[in-house]
$ cat target.tsv   # TSV, C-alpha atoms and all ligand atoms
chain	number	residue	atom	x	y	z
U	1	MET	CA	136.69	147.50	-8.08
U	2	THR	CA	139.11	149.92	-6.53
U	3	CYS	CA	142.80	150.45	-6.90
U	4	ASP	CA	144.34	148.14	-4.31
U	5	ASP	CA	146.51	150.93	-2.95
U	6	ALA	CA	143.48	153.07	-2.25
U	7	THR	CA	143.80	152.24	1.43
U	8	THR	CA	147.13	154.08	1.50
U	9	GLY	CA	145.57	157.19	0.01
U	10	ARG	CA	148.30	157.35	-2.63
U	11	PHE	CA	146.18	156.55	-5.66
U	12	PRO	CA	142.69	157.57	-6.69
U	13	ILE	CA	139.82	155.16	-6.41
U	14	TYR	CA	138.54	154.37	-9.88
U	15	PRO	CA	135.06	153.17	-10.52
U	16	ASP	CA	133.69	149.86	-11.63
U	17	PRO	CA	133.79	148.53	-14.24
U	18	LEU	CA	137.43	148.57	-15.26
U	19	PRO	CA	136.78	149.49	-18.93
U	20	HIS	CA	135.20	152.72	-17.77
U	21	ALA	CA	138.33	153.59	-15.83
U	22	ILE	CA	140.45	152.99	-18.92
U	23	GLU	CA	138.23	155.23	-21.04
U	24	ASP	CA	138.47	157.85	-18.29
U	25	LEU	CA	142.26	157.55	-18.03
U	26	PRO	CA	143.04	161.19	-18.99
U	27	ASN	CA	140.75	162.47	-16.22
U	28	ILE	CA	141.98	159.96	-13.66
U	29	MET	CA	145.59	160.83	-14.50
U	30	THR	CA	144.90	164.58	-14.37
U	31	ALA	CA	143.21	164.31	-10.97
U	32	MET	CA	145.95	162.09	-9.54
U	33	LEU	CA	148.76	164.34	-10.76
U	34	ALA	CA	147.18	167.70	-9.86
U	35	GLU	CA	149.04	167.99	-6.57
U	36	HIS	CA	152.38	167.53	-8.38
U	37	ARG	CA	152.00	170.24	-11.03
U	38	PRO	CA	155.58	171.55	-11.45
U	39	SER	CA	154.72	175.25	-11.81
U	40	ARG	CA	153.25	175.30	-8.30
U	41	MET	CA	156.72	174.63	-6.85
U	42	PRO	CA	158.53	177.60	-5.25
U	43	PHE	CA	161.65	177.23	-7.40
U	44	PHE	CA	160.11	179.07	-10.34
U	45	LYS	CA	158.82	182.01	-8.33
U	46	ARG	CA	162.04	182.29	-6.36
U	47	MET	CA	164.12	182.23	-9.56
U	48	ALA	CA	161.98	185.00	-11.06
U	49	GLY	CA	162.35	187.08	-7.90
U	50	LEU	CA	166.15	186.86	-7.60
U	51	ARG	CA	168.17	190.02	-7.54
U	52	ARG	CA	169.71	190.61	-10.95
U	53	SER	CA	173.24	190.29	-9.55
U	54	VAL	CA	172.41	186.81	-8.23
U	55	ALA	CA	170.48	185.63	-11.29
U	56	ASN	CA	173.38	186.62	-13.56
U	57	ASP	CA	175.86	184.36	-11.80
U	58	PRO	CA	177.24	181.93	-14.42
U	59	ALA	CA	177.91	179.30	-11.72
U	60	LEU	CA	174.34	179.43	-10.45
U	61	LEU	CA	173.01	179.11	-14.01
U	62	GLY	CA	175.41	176.23	-14.60
U	63	GLN	CA	174.04	174.41	-11.56
U	64	ILE	CA	170.48	174.88	-12.73
U	65	HIS	CA	171.46	173.63	-16.20
U	66	LEU	CA	173.08	170.51	-14.76
U	67	VAL	CA	170.04	169.52	-12.70
U	68	TYR	CA	167.44	170.35	-15.33
U	69	GLN	CA	169.37	168.85	-18.25
U	70	SER	CA	170.09	165.68	-16.24
U	71	THR	CA	166.39	165.28	-15.52
U	72	MET	CA	165.43	165.82	-19.15
U	73	HIS	CA	168.24	163.56	-20.34
U	74	ALA	CA	167.05	160.74	-18.10
U	75	THR	CA	163.55	160.83	-19.60
U	76	ARG	CA	164.77	161.26	-23.20
U	77	ALA	CA	167.05	158.21	-22.84
U	78	ALA	CA	164.39	156.16	-21.04
U	79	VAL	CA	161.70	156.69	-23.67
U	80	TYR	CA	163.66	154.31	-25.93
U	81	TYR	CA	162.76	151.49	-23.51
U	82	LEU	CA	158.98	152.00	-23.37
U	83	PRO	CA	157.22	148.62	-23.17
U	84	HIS	CA	154.10	147.25	-24.90
U	85	LEU	CA	154.49	149.30	-28.10
U	86	ASP	CA	155.42	146.44	-30.39
U	87	THR	CA	152.96	146.48	-33.29
U	88	PRO	CA	154.08	148.29	-36.45
U	89	GLY	CA	151.55	151.05	-35.83
U	90	LEU	CA	152.66	151.61	-32.24
U	91	ARG	CA	156.35	151.45	-33.18
U	92	ARG	CA	155.71	154.16	-35.74
U	93	ARG	CA	154.08	156.36	-33.09
U	94	LYS	CA	156.93	155.68	-30.67
U	95	LEU	CA	159.44	156.63	-33.36
U	96	GLN	CA	157.77	160.01	-33.80
U	97	ILE	CA	158.42	160.77	-30.12
U	98	PHE	CA	162.10	159.88	-30.59
U	99	ILE	CA	162.27	162.11	-33.64
U	100	ASP	CA	160.70	165.04	-31.79
U	101	ASP	CA	163.50	164.86	-29.21
U	102	ASP	CA	166.51	163.52	-31.06
U	103	GLY	CA	165.82	163.87	-34.78
U	104	LEU	CA	165.51	167.59	-35.35
U	105	CYS	CA	166.61	169.34	-38.54
U	106	GLY	CA	170.34	169.37	-39.22
U	107	GLY	CA	171.13	166.75	-36.57
U	108	ASP	CA	169.87	168.96	-33.78
U	109	THR	CA	168.25	167.63	-30.59
U	110	HIS	CA	166.34	169.05	-27.65
U	111	HIS	CA	169.42	168.31	-25.53
U	112	TYR	CA	171.66	170.52	-27.67
U	113	GLN	CA	168.98	173.22	-27.90
U	114	LEU	CA	168.66	173.36	-24.12
U	115	THR	CA	172.40	173.72	-23.60
U	116	ARG	CA	172.52	176.52	-26.20
U	117	ALA	CA	169.70	178.30	-24.38
U	118	PHE	CA	171.61	178.20	-21.09
U	119	ARG	CA	174.90	179.21	-22.70
U	120	SER	CA	173.12	182.18	-24.28
U	121	ILE	CA	172.44	183.56	-20.79
U	122	GLY	CA	176.01	182.98	-19.66
U	123	ALA	CA	175.68	179.66	-17.85
U	124	LYS	CA	178.97	177.99	-17.01
U	125	CYS	CA	177.84	174.48	-17.91
U	126	LEU	CA	179.40	171.85	-15.67
U	127	LEU	CA	179.21	168.95	-18.13
U	128	ASP	CA	179.67	168.86	-21.88
U	129	ASP	CA	176.67	167.56	-23.82
U	130	GLU	CA	178.17	164.15	-24.55
U	131	GLU	CA	179.02	163.66	-20.88
U	132	PHE	CA	175.32	163.08	-20.20
U	133	GLY	CA	175.31	159.29	-20.50
U	134	GLU	CA	174.71	156.32	-18.23
U	135	PRO	CA	172.67	157.09	-15.12
U	136	ALA	CA	175.26	155.56	-12.77
U	137	GLU	CA	178.00	157.77	-14.20
U	138	LEU	CA	175.89	160.91	-14.37
U	139	CYS	CA	174.83	160.48	-10.74
U	140	HIS	CA	178.43	161.15	-9.63
U	141	TYR	CA	177.73	164.81	-10.40
U	142	LEU	CA	174.27	164.99	-8.85
U	143	GLU	CA	172.82	165.41	-5.38
U	144	ALA	CA	170.44	162.86	-3.92
U	145	GLU	CA	167.09	163.96	-5.36
U	146	THR	CA	168.18	164.45	-8.95
U	147	ALA	CA	170.26	161.26	-8.79
U	148	HIS	CA	167.18	159.43	-7.53
U	149	PHE	CA	165.16	160.69	-10.50
U	150	VAL	CA	167.90	159.83	-12.99
U	151	ARG	CA	168.14	156.27	-11.66
U	152	LEU	CA	164.38	155.84	-11.42
U	153	ALA	CA	163.45	157.01	-14.92
U	154	PRO	CA	164.86	154.04	-16.87
U	155	LYS	CA	163.45	151.56	-14.35
U	156	LEU	CA	159.96	152.98	-14.43
U	157	TYR	CA	159.82	153.79	-18.13
U	158	SER	CA	160.74	150.22	-19.03
U	159	ARG	CA	158.12	148.81	-16.63
U	160	SER	CA	154.93	150.63	-17.59
U	161	LEU	CA	153.61	153.54	-19.64
U	162	GLY	CA	152.49	155.56	-16.62
U	163	PRO	CA	155.75	157.47	-15.99
U	164	TRP	CA	155.88	158.52	-19.66
U	165	CYS	CA	152.33	159.89	-19.31
U	166	THR	CA	153.36	161.86	-16.20
U	167	VAL	CA	156.35	163.46	-17.90
U	168	GLU	CA	154.51	164.29	-21.11
U	169	VAL	CA	151.47	165.67	-19.27
U	170	PHE	CA	153.71	167.94	-17.17
U	171	SER	CA	156.31	168.97	-19.78
U	172	VAL	CA	154.58	172.03	-21.14
U	173	ASP	CA	153.83	173.24	-17.60
U	174	TRP	CA	157.44	173.12	-16.43
U	175	MET	CA	158.82	174.45	-19.72
U	176	ARG	CA	156.56	177.50	-19.55
U	177	ALA	CA	157.34	177.99	-15.85
U	178	LEU	CA	161.10	177.82	-16.49
U	179	ALA	CA	160.94	180.10	-19.53
U	180	ASP	CA	158.86	182.65	-17.61
U	181	ALA	CA	161.10	182.60	-14.53
U	182	VAL	CA	164.42	182.93	-16.34
U	183	SER	CA	163.07	185.41	-18.89
U	184	VAL	CA	162.46	187.91	-16.08
U	185	HIS	CA	166.25	188.32	-16.06
U	186	PHE	CA	167.06	187.33	-19.66
U	187	PRO	CA	164.08	188.30	-21.87
U	188	HIS	CA	165.39	186.44	-24.93
U	189	PHE	CA	165.49	183.13	-23.05
U	190	ARG	CA	161.89	182.21	-23.91
U	191	ASN	CA	162.69	182.84	-27.59
U	192	GLU	CA	165.52	180.31	-27.62
U	193	GLN	CA	164.77	177.42	-29.98
U	194	TYR	CA	164.31	174.90	-27.15
U	195	PHE	CA	161.28	176.81	-25.92
U	196	ALA	CA	160.08	178.70	-28.99
U	197	ASP	CA	159.76	175.69	-31.28
U	198	CYS	CA	157.95	173.63	-28.64
U	199	PHE	CA	155.55	176.43	-27.78
U	200	ALA	CA	154.86	177.41	-31.40
U	201	GLN	CA	154.24	173.85	-32.54
U	202	ASN	CA	152.47	172.66	-29.36
U	203	VAL	CA	154.93	169.79	-29.26
U	204	GLU	CA	154.43	168.94	-25.60
U	205	GLU	CA	150.65	169.22	-25.76
U	206	ARG	CA	150.78	166.74	-28.65
U	207	HIS	CA	153.08	164.44	-26.68
U	208	ALA	CA	150.73	164.50	-23.70
U	209	ALA	CA	147.73	163.60	-25.85
U	210	GLU	CA	149.74	160.91	-27.65
U	211	ALA	CA	151.06	159.33	-24.46
U	212	LEU	CA	147.58	159.10	-22.98
U	213	ALA	CA	146.01	157.82	-26.22
U	214	VAL	CA	148.66	155.15	-26.75
U	215	THR	CA	148.45	154.08	-23.11
U	216	GLN	CA	144.67	153.74	-23.41
U	217	MET	CA	145.11	151.55	-26.49
U	218	VAL	CA	147.46	149.26	-24.61
U	219	LEU	CA	145.19	149.12	-21.56
U	220	ARG	CA	142.14	148.23	-23.64
U	221	ALA	CA	144.02	145.13	-24.77
U	222	ARG	CA	145.58	144.49	-21.35
U	223	PRO	CA	143.37	146.04	-18.64
U	224	GLU	CA	145.28	144.22	-15.93
U	225	LEU	CA	148.08	146.79	-16.47
U	226	LEU	CA	145.98	149.71	-15.23
U	227	HIS	CA	147.06	149.52	-11.62
U	228	GLU	CA	150.81	149.47	-12.32
U	229	THR	CA	150.37	152.22	-14.90
U	230	LEU	CA	148.80	154.55	-12.32
U	231	ARG	CA	151.16	153.46	-9.57
U	232	ASP	CA	154.28	154.20	-11.65
U	233	ALA	CA	152.84	157.50	-12.90
U	234	LYS	CA	152.48	158.61	-9.29
U	235	ILE	CA	155.99	157.48	-8.32
U	236	MET	CA	157.43	159.47	-11.22
U	237	ALA	CA	155.49	162.59	-10.18
U	238	GLU	CA	156.81	162.32	-6.63
U	239	ALA	CA	160.37	161.98	-7.91
U	240	LEU	CA	159.92	165.06	-10.10
U	241	ASP	CA	158.84	167.04	-7.05
U	242	GLY	CA	162.25	166.24	-5.58
U	243	VAL	CA	164.04	167.77	-8.57
U	244	TRP	CA	162.14	171.06	-8.29
U	245	SER	CA	162.76	171.08	-4.53
U	246	HIS	CA	166.48	170.75	-5.05
U	247	LEU	CA	166.50	173.50	-7.67
U	248	ASP	CA	164.74	175.70	-5.14
U	249	ARG	CA	167.43	174.98	-2.56
U	250	ILE	CA	170.11	175.95	-5.08
U	251	VAL	CA	168.41	179.30	-5.66
U	252	GLN	CA	167.72	179.83	-1.96
U	253	SER	CA	171.34	179.17	-1.16
U	254	ALA	CA	172.46	181.68	-3.78
U	255	GLU	CA	170.10	184.28	-2.31
U	256	ILE	CA	171.34	183.78	1.23
U	257	VAL	CA	175.06	183.87	0.66
U	258	GLN	CA	175.31	186.32	-2.20
U	259	ALA	CA	176.20	189.32	-0.04
U	260	ASN	CA	179.98	189.64	0.42
U	261	ARG	CA	180.56	185.91	0.30
U	262	PRO	CA	181.55	183.42	-2.36
U	263	VAL	CA	178.47	181.60	-3.60
U	264	HIS	CA	178.06	178.20	-1.97
U	265	TYR	CA	175.76	175.56	-3.42
U	266	PRO	CA	174.34	172.47	-1.73
U	267	GLN	CA	176.93	169.74	-2.02
U	268	PRO	CA	176.23	166.32	-3.44
U	269	THR	CA	175.27	163.98	-0.61
U	270	GLU	CA	175.66	160.58	-2.14
U	271	SER	CA	178.66	158.36	-1.63
U	272	GLY	CA	181.42	159.24	-4.01
U	273	ALA	CA	179.59	162.27	-5.32
U	274	ALA	CA	181.50	164.86	-3.36
U	275	SER	CA	184.92	163.90	-4.67
U	276	ALA	CA	183.68	163.74	-8.25
U	277	TRP	CA	182.07	167.12	-7.85
U	278	MET	CA	185.13	168.75	-6.31
U	279	GLY	CA	187.26	167.43	-9.14
U	280	ARG	CA	184.87	169.04	-11.58
U	281	ALA	CA	184.88	172.30	-9.65
U	282	ASP	CA	188.69	172.37	-9.61
U	283	LYS	CA	188.72	171.92	-13.36
U	284	LEU	CA	186.27	174.75	-13.82
U	285	ASN	CA	188.18	177.08	-11.53
U	286	ALA	CA	191.49	176.37	-13.23
U	301	FE	FE	157.61	165.51	-24.80
$ encode --input "target.tsv" --output "structure tokens"
Amino acid sequence: MTCDDATTGRFPIYPDPLPHAIEDLPNIMTAMLAEHRPSRMPFFKRMAGLRRSVANDPALLGQIHLVYQSTMHATRAAVYYLPHLDTPGLRRRKLQIFIDDDGLCGGDTHHYQLTRAFRSIGAKCLLDDEEFGEPAELCHYLEAETAHFVRLAPKLYSRSLGPWCTVEVFSVDWMRALADAVSVHFPHFRNEQYFADCFAQNVEERHAAEALAVTQMVLRARPELLHETLRDAKIMAEALDGVWSHLDRIVQSAEIVQANRPVHYPQPTESGAASAWMGRADKLNA
């Protein structure tokens, strides 16, 4: 049996019989996602190579924070809707993922930690933490690619476990790439709690292993879900590529116009986004 989208070239062909494919899920997922590895994207290298005077710009850092935090927020909110994890044992494992993001000591969360990390390097954050809410509302402040990801995450996460696997498999890669790139300009950035705790405790490596293991458990009981699991994992990876591409355009734009001109960032392109954005910019400039 082969994946029925194999003719399109979008998904890998997995071997007969189906149970073997399920047991081989980590390898199949790794092979399918290889071409979407976040750290290969030019954004990280370009950010590291910025001139110091450009990298220090609080508005540029605020833009990067908005896009990155929105992407992370979308996945953190969507994980609450993961399907198929209904037995007491699976609910307990799901809860641990929630706790790792939203139940840190002293009421802390990864969201708050990330904002503190960006504020520590001078970012002029465009939204307050509690303004990251419903996707439809958040998208008013986002350009097309990030808005697409933010809208897609809850749909895909509630449909199959594949998108969760994609995000957890990639998390440590993009966190290290971001920490490395920004730390070229702000060496303490990688030591901020958001990064340091995750790296020291191998949180994202554990999440990746857990997501794949739990998904395998579900697929052993319901092998007919394998195709949609792989299909949605791939769709999520493609949407993530869009986020890194937009971040690269933000940095490119800052590079190009930095000499003797006010910095100009790519404007939101979606209907209604421009006016919402300009209102926000006016507020910030006041
Ligand atoms: Fe994670």
$ closest_residue --input "target.tsv" --among "U:Thr215, U:Gly49, U:Lys124, U:Asp100" --to "ligand FE 301 (chain U)" --atoms "only C-alpha atoms and all ligand atoms"
U:Asp100
$ closest_atom_pairs --input "target.tsv" --of "chain U" --to "ligand FE 301 (chain U)" --cutoff "7 Å" --atoms "only C-alpha atoms and all ligand atoms" --output "JSON lines"
{"residue": "U:Glu168", "atom": "CA", "partner": "U:FE301", "partner_atom": "FE", "distance": 5.0}
{"residue": "U:Ser171", "atom": "CA", "partner": "U:FE301", "partner_atom": "FE", "distance": 6.2}
{"residue": "U:Val203", "atom": "CA", "partner": "U:FE301", "partner_atom": "FE", "distance": 6.7}
{"residue": "U:Glu204", "atom": "CA", "partner": "U:FE301", "partner_atom": "FE", "distance": 4.7}
{"residue": "U:His207", "atom": "CA", "partner": "U:FE301", "partner_atom": "FE", "distance": 5.0}
$ write_last_selection --input "target.tsv" --atoms "C-alpha atoms" --output "tab-separated table (two decimals), in the frame of the given file"
chain	number	residue	atom	x	y	z
U	168	GLU	CA	154.51	164.29	-21.11
U	171	SER	CA	156.31	168.97	-19.78
U	203	VAL	CA	154.93	169.79	-29.26
U	204	GLU	CA	154.43	168.94	-25.60
U	207	HIS	CA	153.08	164.44	-26.68
$ residues_around --input "target.tsv" --residues "His111 in chain U" --least-positions-apart "6" --cutoff "8 Å" --atoms "only C-alpha atoms" --output "ChimeraX atom specification"
/U:69,72-73,101-102,129
$ closest_residue --input "target.tsv" --among "U:Ala177, U:Val67, U:Val167, U:Ile97" --to "Met41 in chain U" --atoms "all atoms listed in the file"
U:Ala177
$ closest_residue --input "target.tsv" --among "U:Thr229, U:Arg40, U:Asp86, U:His20" --to "Asp173 in chain U" --atoms "only C-alpha atoms"
U:Arg40
$ closest_atom_pairs --input "target.tsv" --of "range 158-262 of chain U" --to "range 132-143 of chain U" --cutoff "12 Å" --atoms "all atoms listed in the file" --output "tab-separated table"
residue	atom	partner	partner_atom	distance
U:Gly242	CA	U:Glu143	CA	10.6
U:Val243	CA	U:Glu143	CA	9.6
U:Ser245	CA	U:Glu143	CA	11.6
U:His246	CA	U:Glu143	CA	8.3
U:Leu247	CA	U:Glu143	CA	10.5
U:Arg249	CA	U:Glu143	CA	11.3
U:Ile250	CA	U:Glu143	CA	10.9
